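Participant: For reference, the file data22.pdb (PDB, N, CA and C atoms and all ligand atoms) is included below:
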ATOM      1  N   MET H 217      94.555 111.809  84.101  1.00  0.00           N
ATOM      2  CA  MET H 217      95.834 111.376  84.684  1.00  0.00           C
ATOM      3  C   MET H 217      96.217 110.010  84.120  1.00  0.00           C
ATOM      4  N   ASN H 218      97.509 109.786  83.954  1.00  0.00           N
ATOM      5  CA  ASN H 218      97.983 108.521  83.401  1.00  0.00           C
ATOM      6  C   ASN H 218      98.712 107.697  84.453  1.00  0.00           C
ATOM      7  N   CYS H 219      98.814 106.394  84.191  1.00  0.00           N
ATOM      8  CA  CYS H 219      99.461 105.466  85.122  1.00  0.00           C
ATOM      9  C   CYS H 219     100.943 105.786  85.258  1.00  0.00           C
ATOM     10  N   LEU H 220     101.391 105.934  86.499  1.00  0.00           N
ATOM     11  CA  LEU H 220     102.800 106.250  86.744  1.00  0.00           C
ATOM     12  C   LEU H 220     103.694 105.066  86.394  1.00  0.00           C
ATOM     13  N   ASP H 221     103.288 103.864  86.768  1.00  0.00           N
ATOM     14  CA  ASP H 221     104.123 102.684  86.513  1.00  0.00           C
ATOM     15  C   ASP H 221     104.284 102.426  85.024  1.00  0.00           C
ATOM     16  N   CYS H 222     103.200 102.577  84.269  1.00  0.00           N
ATOM     17  CA  CYS H 222     103.304 102.397  82.814  1.00  0.00           C
ATOM     18  C   CYS H 222     104.232 103.452  82.218  1.00  0.00           C
ATOM     19  N   ALA H 223     104.139 104.672  82.722  1.00  0.00           N
ATOM     20  CA  ALA H 223     104.950 105.759  82.183  1.00  0.00           C
ATOM     21  C   ALA H 223     106.429 105.539  82.476  1.00  0.00           C
ATOM     22  N   THR H 224     106.760 105.075  83.692  1.00  0.00           N
ATOM     23  CA  THR H 224     108.167 104.937  84.062  1.00  0.00           C
ATOM     24  C   THR H 224     108.762 103.626  83.557  1.00  0.00           C
ATOM     25  N   GLU H 225     107.960 102.541  83.533  1.00  0.00           N
ATOM     26  CA  GLU H 225     108.503 101.243  83.128  1.00  0.00           C
ATOM     27  C   GLU H 225     108.500 101.060  81.619  1.00  0.00           C
ATOM     28  N   PHE H 226     107.382 101.424  81.018  1.00  0.00           N
ATOM     29  CA  PHE H 226     107.217 101.110  79.597  1.00  0.00           C
ATOM     30  C   PHE H 226     107.130 102.350  78.716  1.00  0.00           C
ATOM     31  N   ARG H 227     107.180 103.526  79.318  1.00  0.00           N
ATOM     32  CA  ARG H 227     107.027 104.780  78.576  1.00  0.00           C
ATOM     33  C   ARG H 227     105.721 104.789  77.786  1.00  0.00           C
ATOM     34  N   LEU H 228     104.664 104.293  78.427  1.00  0.00           N
ATOM     35  CA  LEU H 228     103.355 104.264  77.800  1.00  0.00           C
ATOM     36  C   LEU H 228     102.431 105.232  78.510  1.00  0.00           C
ATOM     37  N   GLN H 229     101.523 105.823  77.740  1.00  0.00           N
ATOM     38  CA  GLN H 229     100.510 106.696  78.314  1.00  0.00           C
ATOM     39  C   GLN H 229      99.227 105.883  78.466  1.00  0.00           C
ATOM     40  N   VAL H 230      98.981 105.390  79.673  1.00  0.00           N
ATOM     41  CA  VAL H 230      97.797 104.582  79.934  1.00  0.00           C
ATOM     42  C   VAL H 230      96.931 105.308  80.951  1.00  0.00           C
ATOM     43  N   ALA H 231      95.650 105.429  80.648  1.00  0.00           N
ATOM     44  CA  ALA H 231      94.742 106.147  81.546  1.00  0.00           C
ATOM     45  C   ALA H 231      94.681 105.451  82.902  1.00  0.00           C
ATOM     46  N   ALA H 232      94.771 106.228  83.972  1.00  0.00           N
ATOM     47  CA  ALA H 232      94.714 105.676  85.324  1.00  0.00           C
ATOM     48  C   ALA H 232      93.264 105.469  85.748  1.00  0.00           C
ATOM     49  N   VAL H 233      93.036 104.430  86.539  1.00  0.00           N
ATOM     50  CA  VAL H 233      91.693 104.157  87.038  1.00  0.00           C
ATOM     51  C   VAL H 233      91.602 104.343  88.545  1.00  0.00           C
ATOM     52  N   ALA H 234      92.759 104.492  89.204  1.00  0.00           N
ATOM     53  CA  ALA H 234      92.754 104.613  90.666  1.00  0.00           C
ATOM     54  C   ALA H 234      93.990 105.361  91.118  1.00  0.00           C
ATOM     55  N   VAL H 235      93.989 105.716  92.390  1.00  0.00           N
ATOM     56  CA  VAL H 235      95.136 106.389  92.991  1.00  0.00           C
ATOM     57  C   VAL H 235      95.598 105.555  94.184  1.00  0.00           C
ATOM     58  N   CYS H 236      96.896 105.266  94.254  1.00  0.00           N
ATOM     59  CA  CYS H 236      97.449 104.462  95.342  1.00  0.00           C
ATOM     60  C   CYS H 236      97.305 105.213  96.676  1.00  0.00           C
ATOM     61  N   THR H 237      96.795 104.504  97.692  1.00  0.00           N
ATOM     62  CA  THR H 237      96.648 105.143  98.995  1.00  0.00           C
ATOM     63  C   THR H 237      97.988 105.232  99.722  1.00  0.00           C
ATOM     64  N   GLY H 238      99.000 104.508  99.232  1.00  0.00           N
ATOM     65  CA  GLY H 238     100.309 104.540  99.874  1.00  0.00           C
ATOM     66  C   GLY H 238     101.145 105.710  99.402  1.00  0.00           C
ATOM     67  N   CYS H 239     101.351 105.825  98.094  1.00  0.00           N
ATOM     68  CA  CYS H 239     102.270 106.838  97.575  1.00  0.00           C
ATOM     69  C   CYS H 239     101.571 107.919  96.770  1.00  0.00           C
ATOM     70  N   GLY H 240     100.268 107.748  96.504  1.00  0.00           N
ATOM     71  CA  GLY H 240      99.541 108.775  95.781  1.00  0.00           C
ATOM     72  C   GLY H 240      99.705 108.716  94.282  1.00  0.00           C
ATOM     73  N   ALA H 241     100.381 107.685  93.769  1.00  0.00           N
ATOM     74  CA  ALA H 241     100.565 107.566  92.327  1.00  0.00           C
ATOM     75  C   ALA H 241      99.267 107.138  91.667  1.00  0.00           C
ATOM     76  N   ALA H 242      99.008 107.662  90.465  1.00  0.00           N
ATOM     77  CA  ALA H 242      97.870 107.201  89.676  1.00  0.00           C
ATOM     78  C   ALA H 242      98.274 105.903  88.992  1.00  0.00           C
ATOM     79  N   VAL H 243      97.371 104.933  89.016  1.00  0.00           N
ATOM     80  CA  VAL H 243      97.698 103.624  88.445  1.00  0.00           C
ATOM     81  C   VAL H 243      96.556 103.118  87.559  1.00  0.00           C
ATOM     82  N   CYS H 244      96.935 102.337  86.542  1.00  0.00           N
ATOM     83  CA  CYS H 244      95.949 101.721  85.658  1.00  0.00           C
ATOM     84  C   CYS H 244      95.441 100.425  86.301  1.00  0.00           C
ATOM     85  N   GLY H 245      94.499  99.779  85.629  1.00  0.00           N
ATOM     86  CA  GLY H 245      93.933  98.546  86.167  1.00  0.00           C
ATOM     87  C   GLY H 245      94.969  97.447  86.352  1.00  0.00           C
ATOM     88  N   ASP H 246      95.974  97.389  85.487  1.00  0.00           N
ATOM     89  CA  ASP H 246      97.007  96.363  85.607  1.00  0.00           C
ATOM     90  C   ASP H 246      97.937  96.621  86.771  1.00  0.00           C
ATOM     91  N   HIS H 247      98.101  97.884  87.144  1.00  0.00           N
ATOM     92  CA  HIS H 247      99.069  98.225  88.183  1.00  0.00           C
ATOM     93  C   HIS H 247      98.417  98.519  89.528  1.00  0.00           C
ATOM     94  N   ALA H 248      97.091  98.377  89.602  1.00  0.00           N
ATOM     95  CA  ALA H 248      96.390  98.629  90.862  1.00  0.00           C
ATOM     96  C   ALA H 248      96.077  97.307  91.543  1.00  0.00           C
ATOM     97  N   LYS H 249      96.249  97.260  92.846  1.00  0.00           N
ATOM     98  CA  LYS H 249      95.852  96.103  93.645  1.00  0.00           C
ATOM     99  C   LYS H 249      94.751  96.555  94.585  1.00  0.00           C
ATOM    100  N   VAL H 250      93.609  95.918  94.488  1.00  0.00           N
ATOM    101  CA  VAL H 250      92.494  96.268  95.364  1.00  0.00           C
ATOM    102  C   VAL H 250      92.459  95.257  96.506  1.00  0.00           C
ATOM    103  N   ARG H 251      92.577  95.761  97.712  1.00  0.00           N
ATOM    104  CA  ARG H 251      92.571  94.904  98.898  1.00  0.00           C
ATOM    105  C   ARG H 251      91.363  95.237  99.756  1.00  0.00           C
ATOM    106  N   GLU H 252      90.864  94.224 100.418  1.00  0.00           N
ATOM    107  CA  GLU H 252      89.798  94.459 101.373  1.00  0.00           C
ATOM    108  C   GLU H 252      90.400  94.638 102.754  1.00  0.00           C
ATOM    109  N   HIS H 253      89.842  95.555 103.478  1.00  0.00           N
ATOM    110  CA  HIS H 253      90.402  95.933 104.770  1.00  0.00           C
ATOM    111  C   HIS H 253      89.235  95.906 105.749  1.00  0.00           C
ATOM    112  N   THR H 254      89.216  94.899 106.604  1.00  0.00           N
ATOM    113  CA  THR H 254      88.078  94.728 107.499  1.00  0.00           C
ATOM    114  C   THR H 254      88.201  95.630 108.722  1.00  0.00           C
ATOM    115  N   LEU H 255      87.180  96.431 108.916  1.00  0.00           N
ATOM    116  CA  LEU H 255      87.118  97.284 110.104  1.00  0.00           C
ATOM    117  C   LEU H 255      86.307  96.554 111.172  1.00  0.00           C
ATOM    118  N   THR H 256      86.486  96.942 112.399  1.00  0.00           N
ATOM    119  CA  THR H 256      85.756  96.284 113.484  1.00  0.00           C
ATOM    120  C   THR H 256      84.995  97.311 114.305  1.00  0.00           C
ATOM    121  N   GLN H 257      83.982  96.844 114.978  1.00  0.00           N
ATOM    122  CA  GLN H 257      83.271  97.704 115.911  1.00  0.00           C
ATOM    123  C   GLN H 257      83.014  96.916 117.192  1.00  0.00           C
ATOM    124  N   LYS H 258      82.813  97.660 118.273  1.00  0.00           N
ATOM    125  CA  LYS H 258      82.539  97.010 119.557  1.00  0.00           C
ATOM    126  C   LYS H 258      81.026  97.000 119.780  1.00  0.00           C
ATOM    127  N   VAL H 259      80.510  95.828 120.069  1.00  0.00           N
ATOM    128  CA  VAL H 259      79.084  95.719 120.370  1.00  0.00           C
ATOM    129  C   VAL H 259      78.932  94.988 121.702  1.00  0.00           C
ATOM    130  N   LEU H 260      77.826  95.284 122.355  1.00  0.00           N
ATOM    131  CA  LEU H 260      77.566  94.643 123.638  1.00  0.00           C
ATOM    132  C   LEU H 260      76.952  93.267 123.380  1.00  0.00           C
ATOM    133  N   GLY H 261      77.703  92.222 123.732  1.00  0.00           N
ATOM    134  CA  GLY H 261      77.185  90.867 123.554  1.00  0.00           C
ATOM    135  C   GLY H 261      77.055  90.215 124.915  1.00  0.00           C
ATOM    136  N   GLY H 262      75.846  90.065 125.392  1.00  0.00           N
ATOM    137  CA  GLY H 262      75.651  89.521 126.737  1.00  0.00           C
ATOM    138  C   GLY H 262      76.160  90.510 127.766  1.00  0.00           C
ATOM    139  N   MET H 263      77.183  90.130 128.529  1.00  0.00           N
ATOM    140  CA  MET H 263      77.690  90.978 129.599  1.00  0.00           C
ATOM    141  C   MET H 263      78.971  91.704 129.204  1.00  0.00           C
ATOM    142  N   ALA H 264      79.513  91.412 128.025  1.00  0.00           N
ATOM    143  CA  ALA H 264      80.824  91.960 127.680  1.00  0.00           C
ATOM    144  C   ALA H 264      80.794  92.632 126.316  1.00  0.00           C
ATOM    145  N   LEU H 265      81.753  93.522 126.090  1.00  0.00           N
ATOM    146  CA  LEU H 265      81.921  94.138 124.783  1.00  0.00           C
ATOM    147  C   LEU H 265      82.661  93.159 123.879  1.00  0.00           C
ATOM    148  N   MET H 266      82.132  92.963 122.693  1.00  0.00           N
ATOM    149  CA  MET H 266      82.794  92.086 121.741  1.00  0.00           C
ATOM    150  C   MET H 266      83.212  92.904 120.530  1.00  0.00           C
ATOM    151  N   THR H 267      84.341  92.526 119.953  1.00  0.00           N
ATOM    152  CA  THR H 267      84.805  93.165 118.724  1.00  0.00           C
ATOM    153  C   THR H 267      84.344  92.321 117.543  1.00  0.00           C
ATOM    154  N   VAL H 268      83.539  92.911 116.695  1.00  0.00           N
ATOM    155  CA  VAL H 268      83.021  92.162 115.547  1.00  0.00           C
ATOM    156  C   VAL H 268      83.372  92.891 114.253  1.00  0.00           C
ATOM    157  N   PRO H 269      83.567  92.145 113.187  1.00  0.00           N
ATOM    158  CA  PRO H 269      83.867  92.787 111.904  1.00  0.00           C
ATOM    159  C   PRO H 269      82.667  93.531 111.347  1.00  0.00           C
ATOM    160  N   VAL H 270      82.949  94.653 110.716  1.00  0.00           N
ATOM    161  CA  VAL H 270      81.911  95.469 110.095  1.00  0.00           C
ATOM    162  C   VAL H 270      81.750  95.021 108.649  1.00  0.00           C
ATOM    163  N   SER H 271      80.515  95.002 108.180  1.00  0.00           N
ATOM    164  CA  SER H 271      80.252  94.641 106.792  1.00  0.00           C
ATOM    165  C   SER H 271      79.674  95.851 106.056  1.00  0.00           C
ATOM    166  N   PRO H 272      80.062  96.120 104.839  1.00  0.00           N
ATOM    167  CA  PRO H 272      81.072  95.404 104.045  1.00  0.00           C
ATOM    168  C   PRO H 272      82.482  95.829 104.441  1.00  0.00           C
ATOM    169  N   PRO H 273      83.490  95.063 104.058  1.00  0.00           N
ATOM    170  CA  PRO H 273      84.870  95.481 104.318  1.00  0.00           C
ATOM    171  C   PRO H 273      85.217  96.738 103.536  1.00  0.00           C
ATOM    172  N   ALA H 274      86.089  97.551 104.104  1.00  0.00           N
ATOM    173  CA  ALA H 274      86.536  98.755 103.401  1.00  0.00           C
ATOM    174  C   ALA H 274      87.468  98.348 102.262  1.00  0.00           C
ATOM    175  N   ARG H 275      87.626  99.237 101.334  1.00  0.00           N
ATOM    176  CA  ARG H 275      88.470  98.950 100.187  1.00  0.00           C
ATOM    177  C   ARG H 275      89.697  99.846 100.221  1.00  0.00           C
ATOM    178  N   ARG H 276      90.816  99.268  99.818  1.00  0.00           N
ATOM    179  CA  ARG H 276      92.054 100.051  99.768  1.00  0.00           C
ATOM    180  C   ARG H 276      92.767  99.718  98.464  1.00  0.00           C
ATOM    181  N   VAL H 277      93.138 100.734  97.733  1.00  0.00           N
ATOM    182  CA  VAL H 277      93.837 100.533  96.462  1.00  0.00           C
ATOM    183  C   VAL H 277      95.298 100.906  96.639  1.00  0.00           C
ATOM    184  N   ARG H 278      96.166 100.013  96.186  1.00  0.00           N
ATOM    185  CA  ARG H 278      97.601 100.318  96.233  1.00  0.00           C
ATOM    186  C   ARG H 278      98.232 100.001  94.884  1.00  0.00           C
ATOM    187  N   CYS H 279      99.316 100.690  94.571  1.00  0.00           N
ATOM    188  CA  CYS H 279     100.095 100.331  93.396  1.00  0.00           C
ATOM    189  C   CYS H 279     100.854  99.042  93.715  1.00  0.00           C
ATOM    190  N   LEU H 280     101.446  98.410  92.711  1.00  0.00           N
ATOM    191  CA  LEU H 280     102.120  97.130  92.935  1.00  0.00           C
ATOM    192  C   LEU H 280     103.289  97.279  93.903  1.00  0.00           C
ATOM    193  N   SER H 281     103.996  98.393  93.823  1.00  0.00           N
ATOM    194  CA  SER H 281     105.150  98.602  94.716  1.00  0.00           C
ATOM    195  C   SER H 281     104.710  98.688  96.165  1.00  0.00           C
ATOM    196  N   CYS H 282     103.702  99.503  96.419  1.00  0.00           N
ATOM    197  CA  CYS H 282     103.242  99.673  97.795  1.00  0.00           C
ATOM    198  C   CYS H 282     102.593  98.386  98.307  1.00  0.00           C
ATOM    199  N   ASP H 283     101.887  97.674  97.434  1.00  0.00           N
ATOM    200  CA  ASP H 283     101.250  96.433  97.855  1.00  0.00           C
ATOM    201  C   ASP H 283     102.307  95.414  98.268  1.00  0.00           C
ATOM    202  N   ALA H 284     103.369  95.303  97.477  1.00  0.00           N
ATOM    203  CA  ALA H 284     104.438  94.364  97.801  1.00  0.00           C
ATOM    204  C   ALA H 284     105.136  94.763  99.098  1.00  0.00           C
ATOM    205  N   ALA H 285     105.365  96.045  99.266  1.00  0.00           N
ATOM    206  CA  ALA H 285     106.037  96.522 100.475  1.00  0.00           C
ATOM    207  C   ALA H 285     105.198  96.246 101.712  1.00  0.00           C
ATOM    208  N   HIS H 286     103.885  96.463 101.598  1.00  0.00           N
ATOM    209  CA  HIS H 286     103.021  96.259 102.749  1.00  0.00           C
ATOM    210  C   HIS H 286     102.883  94.780 103.074  1.00  0.00           C
ATOM    211  N   ARG H 287     103.003  93.919 102.062  1.00  0.00           N
ATOM    212  CA  ARG H 287     102.924  92.483 102.335  1.00  0.00           C
ATOM    213  C   ARG H 287     104.213  91.982 102.973  1.00  0.00           C
ATOM    214  N   ASN H 288     105.347  92.573 102.611  1.00  0.00           N
ATOM    215  CA  ASN H 288     106.633  92.098 103.113  1.00  0.00           C
ATOM    216  C   ASN H 288     106.962  92.635 104.496  1.00  0.00           C
ATOM    217  N   GLY H 289     106.448  93.786 104.826  1.00  0.00           N
ATOM    218  CA  GLY H 289     106.784  94.372 106.111  1.00  0.00           C
ATOM    219  C   GLY H 289     105.565  94.972 106.765  1.00  0.00           C
ATOM    220  N   ASN H 290     105.671  95.196 108.042  1.00  0.00           N
ATOM    221  CA  ASN H 290     104.559  95.789 108.770  1.00  0.00           C
ATOM    222  C   ASN H 290     104.689  97.304 108.683  1.00  0.00           C
ATOM    223  N   ALA H 291     104.308  97.847 107.528  1.00  0.00           N
ATOM    224  CA  ALA H 291     104.561  99.257 107.254  1.00  0.00           C
ATOM    225  C   ALA H 291     103.738 100.173 108.143  1.00  0.00           C
ATOM    226  N   GLU H 292     102.502  99.767 108.431  1.00  0.00           N
ATOM    227  CA  GLU H 292     101.654 100.602 109.264  1.00  0.00           C
ATOM    228  C   GLU H 292     102.325 100.866 110.609  1.00  0.00           C
ATOM    229  N   HIS H 293     102.891  99.778 111.167  1.00  0.00           N
ATOM    230  CA  HIS H 293     103.553  99.899 112.466  1.00  0.00           C
ATOM    231  C   HIS H 293     104.790 100.783 112.353  1.00  0.00           C
ATOM    232  N   ARG H 294     105.549 100.567 111.274  1.00  0.00           N
ATOM    233  CA  ARG H 294     106.769 101.347 111.121  1.00  0.00           C
ATOM    234  C   ARG H 294     106.453 102.830 110.915  1.00  0.00           C
ATOM    235  N   GLU H 295     105.401 103.100 110.155  1.00  0.00           N
ATOM    236  CA  GLU H 295     105.014 104.491 109.941  1.00  0.00           C
ATOM    237  C   GLU H 295     104.646 105.159 111.272  1.00  0.00           C
ATOM    238  N   ALA H 296     103.995 104.373 112.150  1.00  0.00           N
ATOM    239  CA  ALA H 296     103.527 104.927 113.405  1.00  0.00           C
ATOM    240  C   ALA H 296     104.688 105.296 114.323  1.00  0.00           C
ATOM    241  N   THR H 297     105.790 104.562 114.227  1.00  0.00           N
ATOM    242  CA  THR H 297     106.901 104.807 115.139  1.00  0.00           C
ATOM    243  C   THR H 297     108.034 105.591 114.471  1.00  0.00           C
ATOM    244  N   TRP H 298     107.833 105.998 113.246  1.00  0.00           N
ATOM    245  CA  TRP H 298     108.865 106.683 112.466  1.00  0.00           C
ATOM    246  C   TRP H 298     109.270 107.968 113.128  1.00  0.00           C
TER     247      TRP H 298
HETATM  248 ZN    ZN H 301      99.954 100.813  84.501  1.00  0.00          ZN
HETATM  249 ZN    ZN H 302     101.982 103.271  95.809  1.00  0.00          ZN
END
Starting from the file, give its structure as structure tokens.

Facilitator:
Amino acid sequence: MNCLDCATEFRLQVAAVAVCTGCGAAVCGDHAKVREHTLTQKVLGGMALMTVPVSPPARRVRCLSCDAAHRNGNAEHREATW
């Protein structure tokens, strides 16, 4: 599979290294953004449940378009109420 952004922007055939979790487009290393996404778990700490981050953080790959959109707006929330 080849990078969608390279194909549409530059008409280049560049091998893709990842798939965007937002739109499903295949992207090359230049067009992929790897983000860390920290998950949490509840553990009993003393008398109460505490929310603590899980290690290691999960990984999420997005294309540049989806990464920019997710940074500019709260897309997860909007998707949930769509
Ligand atoms: Zn590319
Ligand atoms: Zn995308």

Participant: Pull out every residue that the PyMOL selection byres (((chain H and resi 267) around 5) and not hetatm) matches in the shown coordinates and put them as a ChimeraX atom specification.

Facilitator: /H:257-258,265-266,268-269

Participant: Starting from the PyMOL selection byres (((not hetatm)) within 6.5 of (chain H and resi 302)), expand the selection into actual residues of this file and give them as number ranges by chain.

Facilitator: H: 236-241, 278-283

Participant: Running the PyMOL selection byres (((chain H and resi 219 and name CA) around 9) and not hetatm and name CA) on this model by hand, what would come out? Give it as a list of chain:residue names.

Facilitator: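 Selection result, ordered by chain and number: H:Met217, H:Asn218, H:Leu220, H:Asp221, H:Cys222, H:Ala223, H:Thr224, H:Leu228, H:Gln229, H:Val230, H:Ala231, H:Ala232, H:Val233, H:Ala234, H:Ala241, H:Ala242, H:Val243, H:Cys244, H:Gly245, H:His247.
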
Participant: Go ahead and compute the interatomic distance for atom CA of His286 of chain H and atom CA of Phe226 of chain H, in Å to one decimal.

Facilitator: 24.0 Å

Participant: Would you mind reading off the distance between atom CA of Ala284 of chain H and atom CA of Glu252 of chain H, one decimal, in Å?

Facilitator: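 According to the coordinates, atom CA of Ala284 of chain H and atom CA of Glu252 of chain H are separated by 15.1 Å.
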
Participant: Select, from H:Lys249, H:Val235, H:Glu225, H:Thr254, the residue with the minimum atom-to-atom distance to Pro273 of chain H, counting only C-alpha atoms.

Facilitator: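 Looking at the shortest contact to Pro273 of chain H, the residue is H:Thr254.
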
Participant: Kindly give the distance, in Å, that separates atom CA of Val250 of chain H and atom CA of Ala274 of chain H, rounded to a single decimal.

Facilitator: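 Straight-line distance from atom CA of Val250 of chain H to atom CA of Ala274 of chain H works out to 10.3 Å.
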
Participant: Enclose all atoms of segment 220-239 of chain H listed in the file in an axis-aligned box, grow every side by 6 Å, and hand back centre and edge lengths in Å to one decimal, as AutoDock Vina command-line options.

Facilitator:
--center_x 100.2 --center_y 104.5 --center_z 88.8 --size_x 29.2 --size_y 18.9 --size_z 34.1

Participant: Could you give me, as a count of residues only, each residue of chain H that DSSP assigns to alpha helix (DSSP H) when run on this structure's backbone?

Facilitator: 18

Participant: Which of segment 229-259 of chain H counts as strand (DSSP E or B) under DSSP, as a list of chain:residue names please?

Facilitator: H:Ala231, H:Ala234, H:Val235, H:Ala242, H:Val243, H:Ala248, H:Lys249, H:Val250, H:Arg251, H:Glu252, H:His253, H:Thr256, H:Gln257, H:Lys258, H:Val259

Participant: Measuring atom to atom with only N, CA and C atoms and all ligand atoms, identify which of H:Val270, H:Asp246, H:Asn288, H:Arg227 is nearest to ligand ZN 301 (chain H).

Facilitator: H:Asp246

Participant: Have a look at H:Leu255, H:Leu260, H:Arg275, H:Ala248 and name the one nearest to ligand ZN 301 (chain H); count only C-alpha atoms and all ligand atoms.

Facilitator: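 For ligand ZN 301 (chain H), the nearest of the candidates is H:Ala248.
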
Participant: Would you kindly place N, CA, C and O atoms on segment 270-285 of chain H and return the model as a tab-separated table (two decimals), keeping the file's coordinate frame?

Facilitator:
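Printed below is part36.tsv as written:
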chain	number	residue	atom	x	y	z
H	270	VAL	N	82.95	94.65	110.72
H	270	VAL	CA	81.91	95.47	110.10
H	270	VAL	C	81.75	95.02	108.65
H	270	VAL	O	82.71	94.68	107.98
H	271	SER	N	80.52	95.00	108.18
H	271	SER	CA	80.25	94.64	106.79
H	271	SER	C	79.67	95.85	106.06
H	271	SER	O	78.83	96.55	106.61
H	272	PRO	N	80.06	96.12	104.84
H	272	PRO	CA	81.07	95.40	104.04
H	272	PRO	C	82.48	95.83	104.44
H	272	PRO	O	82.65	96.87	105.10
H	273	PRO	N	83.49	95.06	104.06
H	273	PRO	CA	84.87	95.48	104.32
H	273	PRO	C	85.22	96.74	103.54
H	273	PRO	O	84.68	96.96	102.45
H	274	ALA	N	86.09	97.55	104.10
H	274	ALA	CA	86.54	98.76	103.40
H	274	ALA	C	87.47	98.35	102.26
H	274	ALA	O	88.03	97.25	102.26
H	275	ARG	N	87.63	99.24	101.33
H	275	ARG	CA	88.47	98.95	100.19
H	275	ARG	C	89.70	99.85	100.22
H	275	ARG	O	89.63	101.01	100.61
H	276	ARG	N	90.82	99.27	99.82
H	276	ARG	CA	92.05	100.05	99.77
H	276	ARG	C	92.77	99.72	98.46
H	276	ARG	O	92.96	98.55	98.14
H	277	VAL	N	93.14	100.73	97.73
H	277	VAL	CA	93.84	100.53	96.46
H	277	VAL	C	95.30	100.91	96.64
H	277	VAL	O	95.62	101.95	97.20
H	278	ARG	N	96.17	100.01	96.19
H	278	ARG	CA	97.60	100.32	96.23
H	278	ARG	C	98.23	100.00	94.88
H	278	ARG	O	97.77	99.12	94.17
H	279	CYS	N	99.32	100.69	94.57
H	279	CYS	CA	100.10	100.33	93.40
H	279	CYS	C	100.85	99.04	93.72
H	279	CYS	O	100.91	98.62	94.87
H	280	LEU	N	101.45	98.41	92.71
H	280	LEU	CA	102.12	97.13	92.94
H	280	LEU	C	103.29	97.28	93.90
H	280	LEU	O	103.54	96.40	94.72
H	281	SER	N	104.00	98.39	93.82
H	281	SER	CA	105.15	98.60	94.72
H	281	SER	C	104.71	98.69	96.16
H	281	SER	O	105.27	98.03	97.04
H	282	CYS	N	103.70	99.50	96.42
H	282	CYS	CA	103.24	99.67	97.80
H	282	CYS	C	102.59	98.39	98.31
H	282	CYS	O	102.76	98.02	99.47
H	283	ASP	N	101.89	97.67	97.43
H	283	ASP	CA	101.25	96.43	97.86
H	283	ASP	C	102.31	95.41	98.27
H	283	ASP	O	102.18	94.74	99.29
H	284	ALA	N	103.37	95.30	97.48
H	284	ALA	CA	104.44	94.36	97.80
H	284	ALA	C	105.14	94.76	99.10
H	284	ALA	O	105.44	93.92	99.94
H	285	ALA	N	105.36	96.04	99.27
H	285	ALA	CA	106.04	96.52	100.48
H	285	ALA	C	105.20	96.25	101.71
H	285	ALA	O	105.71	95.81	102.75
